[in-house]
Amino acid sequence: MHVRTVLCAIALLSTAAANTALAMDQGDWLIRFGASSVDPKSNNHPDVSVDSATSATFNFTYMMTANWGVELLAAYPFEHDIYLVGGPEVGSTKHLPPTVSLQYHFMPDATFQPYLGLGVNYTNFFSEKLYGPLEGASLRLDDSWGFAGEIGADIMLGETWFLNLNARYIDIESDATVNGQPFGKVKIDPWVYGAHVGIRF
């Protein structure tokens, strides 16, 4: 899935939604739950590549005003397979990517409510494993701090429930060590595509 696909899906859902104006208000909480796919960029490292992964995600947005909100993204752990470039699968890792973003909602009184967000991501890597040709070696991936940007839209289904689609770019880079020796920087830098059901209260 690419950003263009997400934008087309947002447009289609917006035409299917009702035309009733349902304004967001200061003090509203938005809770979204669904799934997201983490799609790492290519050329992660000269020797290894990181595969995509999908997991359950949920986020919470507090509306400070009708237009401005603060969002916390959380998830069930993602698990990525690791491959030698042009070769077999040699390992895996899990990660959690909590992200805090400041969002601007352009049309808080409409049924179709697009927004942009910018924030900070912290990615915690754990359960690193090596196997196959590298079985017996140990892998460690350092945690990562980086910026995160997002584009999304909420499509109101009524006063309480809504649908959500979003796409994020997250700056994730990790210093890797194998058997205690530096292995170089693994640049994941994924696009993350999410689809959620939301509730407002």
# chains A, B, ... in the order shown; residues from 1 in each chain; ligands from 1
$ residues_around --residues "A:Thr160" --least-positions-apart "2" --cutoff "6 Å" --atoms "only C-alpha atoms" --output "list in words"
Gly158, Ile199 and Arg200 of chain A
$ residues_around --residues "A:Phe201" --least-positions-apart "5" --cutoff "7 Å" --atoms "only C-alpha atoms" --output "JSON, numbers by chain"
{"A": [28, 29, 30, 160]}
$ write_last_selection --atoms "C-alpha atoms" --output "compact mmCIF listing (two decimals), in the first residue's frame"
# COMPACT_ATOMS: atom_id res chain seq x y z
CA ASP A 28 -13.26 15.87 23.20
CA TRP A 29 -11.39 12.54 23.38
CA LEU A 30 -10.99 10.43 20.23
CA THR A 160 -20.05 9.05 18.39
$ residues_around --residues "stretch 91-94 of chain A" --least-positions-apart "3" --cutoff "7 Å" --atoms "only C-alpha atoms" --output "list in words"
Pro77, Phe78, Glu79, His80, Asp81, Ile82, Tyr83, Phe125, Phe126, Ser127, Glu128, Lys129, Leu130 and Tyr131 of chain A
$ closest_residue --among "A:Met107, A:Val50, A:Val70, A:Ala35" --to "A:Ala167" --atoms "only C-alpha atoms"
A:Ala35
$ select_by_dssp --residues "stretch 97-194 of chain A" --states "strand (DSSP E)" --output "PyMOL selection string"
chain A and resi 99-105+112-130+139-141+144-156+161-170+173-178+181-187+191-194
$ atom_distance --atom1 "atom CA of A:Leu157" --atom2 "atom CA of A:Ile170"
29.3 Å
$ closest_residue --among "A:Val100, A:Ser37, A:Asn43, A:Pro114" --to "A:Asn67" --atoms "only C-alpha atoms"
A:Pro114
